[in-house]
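Engineer: Pasting a structure below so you can have a look.
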Amino acid sequence: MHGAHVVLFWLSLFAYGAEAGLQLGGIAPRSPFRSALFAGLLLHALFLGVRWALSGHAPMAGLFESLTVFSFFTALSAFLVCRDPGALPAWKPLSVLVLLPQAGAALVDKRLTPLYPALDTPWFATHVGLSFLGYGLFAAGLALAWVVMRGGDESAYRAAARAALYGFSAFSAGMVCGGIWAYYAWGSYWIWTPKEIWSVLLWVYFAALTHLKFIPPGTGWPGWTRNLEMGATAAGYFVMLTTFLGVSLLLRSSHSF
Amino acid sequence: MTVLWRLLTSLKTCAWASLAFALAGAAGSVIMGRYPEIFSDMDAQVFAGWLADKGLGAPGPALWLYGLLLATGLLVVNAACCTAERLVQILRGKTSLRRLLPHVMHVAFVGVVLSHLVSGVWGDRVPGVAVPEGSFARVGATGLVLRLDRLDVAMAPEGYPKDFAAAVTLFRDMAPVARGVVRANAPLFHDGYGVYLKNFGPTPWGAPYAVFDANRDPGAGWILVFAALFTAANALYLLPARRSDA
């Protein structure tokens with residue numbers, strides 16, 4: 001069973017690959033729920049559920065689990081914010097954003113990680129789960145902003161704004177849970193590490209982003225146009241990626257993945 | 001005066017201050033690793049103590065931190081002024097719940113930052129209280145003495161600790177004032193201090209020992225209150241957004 005559950009992972013990767021291939025080939029599904037992405041999402045949910053049961057903790061520890069959970073929430077975000085007809089073109093870039101972390105996870109050691117005592121708390125699953133939900137929605141924000149900047153309609157713009165707002169909300173709640181966990185586990189709700197600094201940076205970035213649309217358009221630089229807002233929404237994905245992967249891989253931080 | 005008020009309540013100020021925060025934070029995350037002699041012990045004492053000891057003595061490497069503090073201060077003033085401007089409308093009840101919610105979030109944000117400031121100035125850190133089983137150790141200058149009554153460690157076959165628990169007693173003026181078991185995610189709280197089990201192992205003569213941190217964050221409770229307020233207002237804000245517009 002320990003090794004067999006990984007088959008579900010490979011099947012979901014195959015489904016995500018099929019969706020990305022079809023989308024890039026110009027073949028869109030008839031409806032979101034009749035797509036390879038939906039099949040992949042179901043298989044992926046089953047994989048994560050089985051892995052949770054096998055390991056005894058939320059499958060969100062280590063690089064493999066982090067990448068695959070990131071992929072899962074990115075796929076989920078397609079169904080949360082990209083279901084309107086005007087937002088469906090975002091499935092094309094989004095299917096690639098779903099596939100990439102899952103393909104990356106395929107290259108990493110998939111063995112079950114042990115249940116370290118500090119992970120044995122509901123705050124771990126809520127902190128990491130809500131953070132990754134936010135990350136997934138930020139990925140949807142990038143896909144939708146890309147559609148809007150290429151002439152997408154009003155519903156795509158609204159969906160992009162929703163993705164940023166919902167993502168910010170989930171990430172905020174995740175930070176609160178992380179602070180509570182850290183207070184009980186490590187001795188303080190805040191420590192000075194690159195990961196913490198980038199987490200607050202990401203929070204401030206999206207907090208400011210949710211305010212941008214209320215600034216009246218101006219003539220002077222930077223104009224405060226809708227394109228600026230969408231550009232910032234798209235760039236937010238890379239700020240998130242730096243927070244999630246960049247800090248863990250490039251900078252020394254005691255708080256990793 | 002009007003110009004200053006307009007500047008402090010402006011959404012553009014929020015955007016630029018956030019950008020400044022992001023740039024300062026990004027620079028800091030790299031610089032921290034370059035100067036471990038300055039930044040590696042930032043958590044070993046409260047922030048104000050570290051700033052007085054090291055932060056002010058190294059203005060070059062700590063420049064990013066000054067920028068971060070300045071940008072945070074500006075964001076707090078901006079959020080407070082924005083909400084103050086709407087206060088009259090809010091007090092007269094001439095605004096809907098949905099329009100009120102962002103200002104609840106502003107108040108919560110300001111509350112979190114100010115509570116963190118309280119912890120950063122009036123908190124305390126006592127790291128590395130090492131004590132062998134059955135022995136006593138002074139907990140910094142808190143007036144408390146910690147006795148490690150018993151240390152239980154369960155190891156997994158793979159060699160990592162599956163569970164660990166330290167039964168401890170805290171004394172003040174020779175009298176026991178608190179007793180409990182400290183384990184992962186379960187510190188012992190007494191008199192505002194949390195006692196955390198940070199490390200353990202055998203002494204050279206074979207007796208087990210444990211290392212504890214004792215931390216006091218007087219703003220932590222308020223941070224939790226304001227964070228919960230922020231989350232609740234945020235969640236409520238999403239409900240009508242789902243029906244109409246983000």
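Each chain of the structure tokens is named A, B, ... in the order shown, its residues numbered from 1; ligands are numbered from 1 in display order.
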Taking 6 positions as the minimum chain separation for residues in the same chain, which residues sit within 12 Å of Pro202 of chain B when counting only C-alpha atoms? Answer as a list in words.
Structural biologist: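 In the requested form, the answer reads Ala130, Val131, Pro132, Glu133, Leu151, Asp152, Val153, Pro208, Tyr209, Ala210 and Val211 of chain B.
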Engineer: Filtering to N, CA and C atoms, could you give me those residues as a compact mmCIF listing (two decimals), in the first residue's frame?
Structural biologist:
# COMPACT_ATOMS: atom_id res chain seq x y z
N ALA B 130 19.95 24.97 30.30
CA ALA B 130 20.30 23.54 30.27
C ALA B 130 20.26 22.97 31.68
N VAL B 131 19.60 21.83 31.84
CA VAL B 131 19.48 21.25 33.18
C VAL B 131 19.44 19.71 33.10
N PRO B 132 20.34 19.02 33.82
CA PRO B 132 20.29 17.55 33.86
C PRO B 132 19.08 17.08 34.69
N GLU B 133 18.66 15.86 34.41
CA GLU B 133 17.50 15.31 35.13
C GLU B 133 17.77 15.30 36.64
N LEU B 151 12.79 13.20 32.28
CA LEU B 151 12.77 13.37 30.82
C LEU B 151 12.46 12.02 30.17
N ASP B 152 11.42 11.97 29.38
CA ASP B 152 11.05 10.74 28.67
C ASP B 152 11.16 10.99 27.17
N VAL B 153 11.95 10.14 26.51
CA VAL B 153 12.11 10.26 25.06
C VAL B 153 11.80 8.91 24.43
N PRO B 208 20.32 11.96 31.58
CA PRO B 208 19.70 12.78 30.53
C PRO B 208 19.62 14.26 30.93
N TYR B 209 19.70 15.12 29.95
CA TYR B 209 19.54 16.56 30.21
C TYR B 209 18.58 17.13 29.17
N ALA B 210 18.05 18.28 29.49
CA ALA B 210 17.18 18.98 28.53
C ALA B 210 17.55 20.46 28.51
N VAL B 211 17.30 21.08 27.37
CA VAL B 211 17.55 22.52 27.25
C VAL B 211 16.21 23.21 26.98
Engineer: Using only C-alpha atoms, find the residues of chain A whose closest atom to chain B is at most 6 Å away, then write them as a list in words.
Structural biologist: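 Result: Pro117, Ala118, Arg162, Tyr184, Ala185, Pro194, Leu201 and Ala208 of chain A.
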Engineer: Would you save the residues of that selection, restricted to N, CA and C atoms, as a compact mmCIF listing (two decimals), in the first residue's frame?
Structural biologist:
# COMPACT_ATOMS: atom_id res chain seq x y z
N PRO A 117 7.24 15.09 16.08
CA PRO A 117 6.31 15.57 17.10
C PRO A 117 5.75 16.97 16.84
N ALA A 118 6.60 17.87 16.31
CA ALA A 118 6.12 19.25 16.10
C ALA A 118 5.04 19.33 15.03
N ARG A 162 -10.93 38.49 -7.98
CA ARG A 162 -11.40 37.53 -6.97
C ARG A 162 -10.27 36.58 -6.57
N TYR A 184 3.19 28.01 20.07
CA TYR A 184 3.17 26.82 20.93
C TYR A 184 4.35 25.89 20.67
N ALA A 185 4.80 25.84 19.43
CA ALA A 185 5.85 24.86 19.09
C ALA A 185 7.26 25.42 19.26
N PRO A 194 14.56 34.49 6.69
CA PRO A 194 14.14 34.92 5.35
C PRO A 194 12.72 34.45 5.00
N LEU A 201 6.16 39.83 3.48
CA LEU A 201 6.30 40.59 2.22
C LEU A 201 5.18 40.22 1.24
N ALA A 208 -1.72 45.26 -0.61
CA ALA A 208 -1.67 46.48 -1.43
C ALA A 208 -2.39 46.27 -2.76
Engineer: Calculated over only C-alpha atoms, which of the candidates B:Met174, B:Ala154, B:Val112, B:Val118 has the smallest distance to Phe136 of chain B?
Structural biologist: B:Met174
Engineer: As a PyMOL selection string, please: every residue in segment 4-248 of chain A that a backbone DSSP assignment puts in alpha helix (DSSP H).
Structural biologist: chain A and resi 5-24+36-55+62-81+91-106+122-149+154-185+194-212+226-241+247-248
Engineer: Go through B:Val225, B:Ala79, B:Val107, B:Val126 one by one, measure the shortest atom-to-atom distance of each to Gly187 of chain A using only C-alpha atoms, and give the residue with the smallest value.
Structural biologist: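 Going through B:Val225, B:Ala79, B:Val107, B:Val126 one by one, the smallest distance to Gly187 of chain A is for B:Val126.
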Engineer: Tell me, as a list in words, which residues lie within 6 Å of Thr9 of chain B, counting only C-alpha atoms; anything in the same chain fewer than 3 positions away does not count.
Structural biologist: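 Here the answer would be Arg6, Asn78, Cys81 and Cys82 of chain B.
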Engineer: Create the file for the chosen residues now, containing C-alpha atoms and written as a compact mmCIF listing (two decimals), in the first residue's frame.
Structural biologist:
# COMPACT_ATOMS: atom_id res chain seq x y z
CA ARG B 6 -4.30 63.76 1.84
CA ASN B 78 -1.92 55.19 6.41
CA CYS B 81 -5.75 57.75 8.92
CA CYS B 82 -7.85 56.10 6.20
Engineer: Can you tell me, as a list in words, what residues are no more than 10 Å from Ala39 of chain A when counting only C-alpha atoms, ignoring any on the same chain fewer than 5 positions away?
Structural biologist: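 These residues fall inside the cut-off: Leu11, Ser12, Ala15, Tyr16, Glu19, Phe33, Arg34, His44 and Ala45 of chain A.
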Engineer: Determine, counting only C-alpha atoms, which protein, DNA and RNA residues have an atom within 12 Å of an atom of Leu51 of chain B; residues of the same chain fewer than 4 positions away are not included. Present the result as a list of chain:residue names.
Structural biologist: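 Listing them by chain and then by number gives B:Ile38, B:Phe39, B:Asp41, B:Met42, B:Asp43, B:Ala44, B:Gln45, B:Val46, B:Phe47, B:Gly55, B:Leu56, B:Gly57, B:Ala58, B:Pro59, B:Ala62, B:Leu63, B:Leu65, B:Tyr66, B:Leu69, B:Gly120, B:Val121.
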Engineer: Per DSSP on the backbone, what are the strand (DSSP E or B) residues of segment 33-203 of chain B, as a VMD selection string?
Structural biologist: chain B and resid 124 to 132 136 to 139 144 to 155 161 to 172 175 to 183 186 188 to 190 193 to 202
Engineer: Extract, using only C-alpha atoms, all DNA, RNA and protein residues at most 12 Å from Arg226 of chain A, discarding same-chain residues fewer than 2 positions from it, and format them as a list in words.
Structural biologist: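 Near neighbours after the sequence-gap exclusion: Ala145, Val148, Met149, Gly151, Gly152, Glu154, Tyr157, Arg158, Ala160, Ala161, Leu209, Leu212, Lys213, Phe214, Ile215, Pro216, Pro217, Gly218, Pro222, Gly223, Trp224, Leu228, Glu229, Met230, Gly231, Ala232 and Thr233 of chain A.
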Engineer: Residues of the last selection are to be written out with N, CA and C atoms, as a PDB file, in the first residue's frame.
Structural biologist:
ATOM      1  N   ALA A 145      -4.872  37.108 -15.177  1.00  0.00           N
ATOM      2  CA  ALA A 145      -4.281  38.407 -15.537  1.00  0.00           C
ATOM      3  C   ALA A 145      -3.705  38.332 -16.954  1.00  0.00           C
ATOM      4  N   VAL A 148      -6.586  38.704 -19.268  1.00  0.00           N
ATOM      5  CA  VAL A 148      -7.082  40.092 -19.306  1.00  0.00           C
ATOM      6  C   VAL A 148      -6.138  40.970 -20.121  1.00  0.00           C
ATOM      7  N   MET A 149      -4.841  40.806 -19.906  1.00  0.00           N
ATOM      8  CA  MET A 149      -3.872  41.657 -20.612  1.00  0.00           C
ATOM      9  C   MET A 149      -3.816  41.341 -22.104  1.00  0.00           C
ATOM     10  N   GLY A 151      -6.569  40.993 -23.809  1.00  0.00           N
ATOM     11  CA  GLY A 151      -7.870  41.410 -24.340  1.00  0.00           C
ATOM     12  C   GLY A 151      -9.055  40.664 -23.761  1.00  0.00           C
ATOM     13  N   GLY A 152      -8.868  40.031 -22.612  1.00  0.00           N
ATOM     14  CA  GLY A 152      -9.964  39.317 -21.963  1.00  0.00           C
ATOM     15  C   GLY A 152     -11.086  40.257 -21.547  1.00  0.00           C
ATOM     16  N   GLU A 154     -14.634  41.538 -19.186  1.00  0.00           N
ATOM     17  CA  GLU A 154     -14.853  42.018 -17.822  1.00  0.00           C
ATOM     18  C   GLU A 154     -14.912  40.862 -16.810  1.00  0.00           C
ATOM     19  N   TYR A 157     -11.543  39.818 -15.831  1.00  0.00           N
ATOM     20  CA  TYR A 157     -10.953  40.800 -14.907  1.00  0.00           C
ATOM     21  C   TYR A 157     -11.492  40.594 -13.494  1.00  0.00           C
ATOM     22  N   ARG A 158     -12.819  40.403 -13.400  1.00  0.00           N
ATOM     23  CA  ARG A 158     -13.429  40.184 -12.081  1.00  0.00           C
ATOM     24  C   ARG A 158     -12.903  38.905 -11.434  1.00  0.00           C
ATOM     25  N   ALA A 160      -9.976  37.594 -11.966  1.00  0.00           N
ATOM     26  CA  ALA A 160      -8.591  37.840 -11.544  1.00  0.00           C
ATOM     27  C   ALA A 160      -8.567  38.571 -10.197  1.00  0.00           C
ATOM     28  N   ALA A 161      -9.452  39.558 -10.067  1.00  0.00           N
ATOM     29  CA  ALA A 161      -9.525  40.306  -8.800  1.00  0.00           C
ATOM     30  C   ALA A 161      -9.971  39.381  -7.669  1.00  0.00           C
ATOM     31  N   LEU A 209      -2.213  45.074  -3.323  1.00  0.00           N
ATOM     32  CA  LEU A 209      -2.827  44.757  -4.617  1.00  0.00           C
ATOM     33  C   LEU A 209      -4.358  44.857  -4.555  1.00  0.00           C
ATOM     34  N   LEU A 212      -5.359  48.394  -5.117  1.00  0.00           N
ATOM     35  CA  LEU A 212      -4.996  49.106  -6.352  1.00  0.00           C
ATOM     36  C   LEU A 212      -6.205  49.526  -7.184  1.00  0.00           C
ATOM     37  N   LYS A 213      -7.227  48.656  -7.222  1.00  0.00           N
ATOM     38  CA  LYS A 213      -8.337  48.949  -8.138  1.00  0.00           C
ATOM     39  C   LYS A 213      -9.165  50.147  -7.671  1.00  0.00           C
ATOM     40  N   PHE A 214      -8.947  50.563  -6.409  1.00  0.00           N
ATOM     41  CA  PHE A 214      -9.691  51.717  -5.896  1.00  0.00           C
ATOM     42  C   PHE A 214      -8.976  53.037  -6.193  1.00  0.00           C
ATOM     43  N   ILE A 215      -7.772  52.974  -6.747  1.00  0.00           N
ATOM     44  CA  ILE A 215      -7.050  54.201  -7.099  1.00  0.00           C
ATOM     45  C   ILE A 215      -7.558  54.684  -8.458  1.00  0.00           C
ATOM     46  N   PRO A 216      -8.081  55.915  -8.522  1.00  0.00           N
ATOM     47  CA  PRO A 216      -8.597  56.398  -9.812  1.00  0.00           C
ATOM     48  C   PRO A 216      -7.477  56.452 -10.844  1.00  0.00           C
ATOM     49  N   PRO A 217      -7.798  56.071 -12.095  1.00  0.00           N
ATOM     50  CA  PRO A 217      -6.770  56.120 -13.141  1.00  0.00           C
ATOM     51  C   PRO A 217      -6.211  57.534 -13.271  1.00  0.00           C
ATOM     52  N   GLY A 218      -4.907  57.648 -13.436  1.00  0.00           N
ATOM     53  CA  GLY A 218      -4.272  58.960 -13.563  1.00  0.00           C
ATOM     54  C   GLY A 218      -3.452  59.029 -14.834  1.00  0.00           C
ATOM     55  N   PRO A 222       2.694  55.848 -12.412  1.00  0.00           N
ATOM     56  CA  PRO A 222       2.556  54.729 -13.348  1.00  0.00           C
ATOM     57  C   PRO A 222       1.160  54.615 -13.957  1.00  0.00           C
ATOM     58  N   GLY A 223       0.326  55.640 -13.789  1.00  0.00           N
ATOM     59  CA  GLY A 223      -0.967  55.648 -14.449  1.00  0.00           C
ATOM     60  C   GLY A 223      -2.090  54.983 -13.677  1.00  0.00           C
ATOM     61  N   TRP A 224      -1.758  54.018 -12.802  1.00  0.00           N
ATOM     62  CA  TRP A 224      -2.738  53.285 -11.996  1.00  0.00           C
ATOM     63  C   TRP A 224      -3.849  52.714 -12.877  1.00  0.00           C
ATOM     64  N   LEU A 228      -1.883  47.886 -15.051  1.00  0.00           N
ATOM     65  CA  LEU A 228      -0.916  47.878 -13.947  1.00  0.00           C
ATOM     66  C   LEU A 228      -1.378  46.888 -12.875  1.00  0.00           C
ATOM     67  N   GLU A 229      -2.677  46.935 -12.571  1.00  0.00           N
ATOM     68  CA  GLU A 229      -3.237  46.022 -11.558  1.00  0.00           C
ATOM     69  C   GLU A 229      -3.061  44.569 -11.993  1.00  0.00           C
ATOM     70  N   MET A 230      -3.336  44.313 -13.274  1.00  0.00           N
ATOM     71  CA  MET A 230      -3.208  42.930 -13.760  1.00  0.00           C
ATOM     72  C   MET A 230      -1.741  42.490 -13.832  1.00  0.00           C
ATOM     73  N   GLY A 231      -0.883  43.445 -14.202  1.00  0.00           N
ATOM     74  CA  GLY A 231       0.560  43.146 -14.215  1.00  0.00           C
ATOM     75  C   GLY A 231       1.031  42.790 -12.814  1.00  0.00           C
ATOM     76  N   ALA A 232       0.540  43.539 -11.831  1.00  0.00           N
ATOM     77  CA  ALA A 232       0.926  43.278 -10.435  1.00  0.00           C
ATOM     78  C   ALA A 232       0.348  41.939  -9.968  1.00  0.00           C
ATOM     79  N   THR A 233      -0.864  41.617 -10.437  1.00  0.00           N
ATOM     80  CA  THR A 233      -1.465  40.324 -10.074  1.00  0.00           C
ATOM     81  C   THR A 233      -0.616  39.182 -10.633  1.00  0.00           C
TER      82      THR A 233
END
Engineer: Take atom CA of Ser35 of chain A and atom CA of Lys110 of chain A and report the distance between them in Å, one decimal.
Structural biologist: 26.9 Å
Engineer: Counting only C-alpha atoms, which of A:Gly17, A:Pro122, A:Pro85, A:Pro29 gets nearest to Val98 of chain A?
Structural biologist: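 Result for the nearest residue to Val98 of chain A: A:Gly17.
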Engineer: I'd like the interatomic distance between atom CA of Gln23 of chain A and atom CA of Asp84 of chain A, to a tenth of an Å.
Structural biologist: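 That distance, rounded to one decimal, is 16.9 Å.
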Engineer: Mind checking which residues fall within 9 Å of Gly167 of chain A, counting only C-alpha atoms, ignoring those fewer than 3 positions away in the same chain, and posting them as a ChimeraX atom specification?
Structural biologist: /A:131,133-138,141,162-164,170-172,206
Engineer: Go ahead and write the residues just picked, N, CA, C and O atoms, as an mmCIF file, in the first residue's frame.
Structural biologist:
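Written out: result.cif:
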data_model
loop_
_atom_site.group_PDB
_atom_site.id
_atom_site.type_symbol
_atom_site.label_atom_id
_atom_site.label_comp_id
_atom_site.auth_asym_id
_atom_site.auth_seq_id
_atom_site.Cartn_x
_atom_site.Cartn_y
_atom_site.Cartn_z
ATOM 1 N N SER A 131 -2.194 28.201 3.401
ATOM 2 C CA SER A 131 -1.152 28.911 2.642
ATOM 3 C C SER A 131 -1.126 28.408 1.197
ATOM 4 O O SER A 131 -1.074 29.202 0.245
ATOM 5 N N LEU A 133 -3.556 26.920 -0.393
ATOM 6 C CA LEU A 133 -4.788 27.352 -1.068
ATOM 7 C C LEU A 133 -4.566 28.757 -1.633
ATOM 8 O O LEU A 133 -4.946 29.056 -2.773
ATOM 9 N N GLY A 134 -3.961 29.614 -0.818
ATOM 10 C CA GLY A 134 -3.632 30.961 -1.290
ATOM 11 C C GLY A 134 -2.697 30.913 -2.485
ATOM 12 O O GLY A 134 -2.920 31.590 -3.494
ATOM 13 N N TYR A 135 -1.663 30.074 -2.419
ATOM 14 C CA TYR A 135 -0.702 29.961 -3.526
ATOM 15 C C TYR A 135 -1.422 29.528 -4.817
ATOM 16 O O TYR A 135 -1.140 30.042 -5.899
ATOM 17 N N GLY A 136 -2.330 28.560 -4.682
ATOM 18 C CA GLY A 136 -3.066 28.077 -5.849
ATOM 19 C C GLY A 136 -3.894 29.189 -6.474
ATOM 20 O O GLY A 136 -3.947 29.338 -7.705
ATOM 21 N N LEU A 137 -4.519 29.992 -5.613
ATOM 22 C CA LEU A 137 -5.338 31.094 -6.124
ATOM 23 C C LEU A 137 -4.460 32.191 -6.746
ATOM 24 O O LEU A 137 -4.866 32.835 -7.711
ATOM 25 N N PHE A 138 -3.258 32.369 -6.210
ATOM 26 C CA PHE A 138 -2.345 33.340 -6.830
ATOM 27 C C PHE A 138 -1.941 32.847 -8.226
ATOM 28 O O PHE A 138 -1.739 33.652 -9.142
ATOM 29 N N GLY A 141 -4.607 33.703 -10.419
ATOM 30 C CA GLY A 141 -4.506 35.147 -10.667
ATOM 31 C C GLY A 141 -3.576 35.433 -11.834
ATOM 32 O O GLY A 141 -3.883 36.255 -12.705
ATOM 33 N N ARG A 162 -10.926 38.494 -7.984
ATOM 34 C CA ARG A 162 -11.396 37.534 -6.967
ATOM 35 C C ARG A 162 -10.273 36.585 -6.569
ATOM 36 O O ARG A 162 -10.107 36.271 -5.390
ATOM 37 N N ALA A 163 -9.513 36.130 -7.562
ATOM 38 C CA ALA A 163 -8.404 35.203 -7.267
ATOM 39 C C ALA A 163 -7.419 35.854 -6.295
ATOM 40 O O ALA A 163 -6.961 35.223 -5.335
ATOM 41 N N ALA A 164 -7.098 37.133 -6.547
ATOM 42 C CA ALA A 164 -6.148 37.838 -5.663
ATOM 43 C C ALA A 164 -6.748 38.006 -4.274
ATOM 44 O O ALA A 164 -6.070 37.783 -3.263
ATOM 45 N N ALA A 170 -7.076 33.559 2.126
ATOM 46 C CA ALA A 170 -6.625 32.233 2.562
ATOM 47 C C ALA A 170 -5.226 32.316 3.148
ATOM 48 O O ALA A 170 -4.936 31.723 4.193
ATOM 49 N N PHE A 171 -4.354 33.071 2.481
ATOM 50 C CA PHE A 171 -2.979 33.193 2.964
ATOM 51 C C PHE A 171 -2.939 33.896 4.327
ATOM 52 O O PHE A 171 -2.164 33.505 5.207
ATOM 53 N N SER A 172 -3.776 34.918 4.500
ATOM 54 C CA SER A 172 -3.845 35.622 5.792
ATOM 55 C C SER A 172 -4.238 34.658 6.899
ATOM 56 O O SER A 172 -3.610 34.627 7.970
ATOM 57 N N PHE A 206 0.064 41.486 -1.539
ATOM 58 C CA PHE A 206 -1.319 41.240 -1.977
ATOM 59 C C PHE A 206 -2.319 42.130 -1.244
ATOM 60 O O PHE A 206 -3.377 42.449 -1.785
#
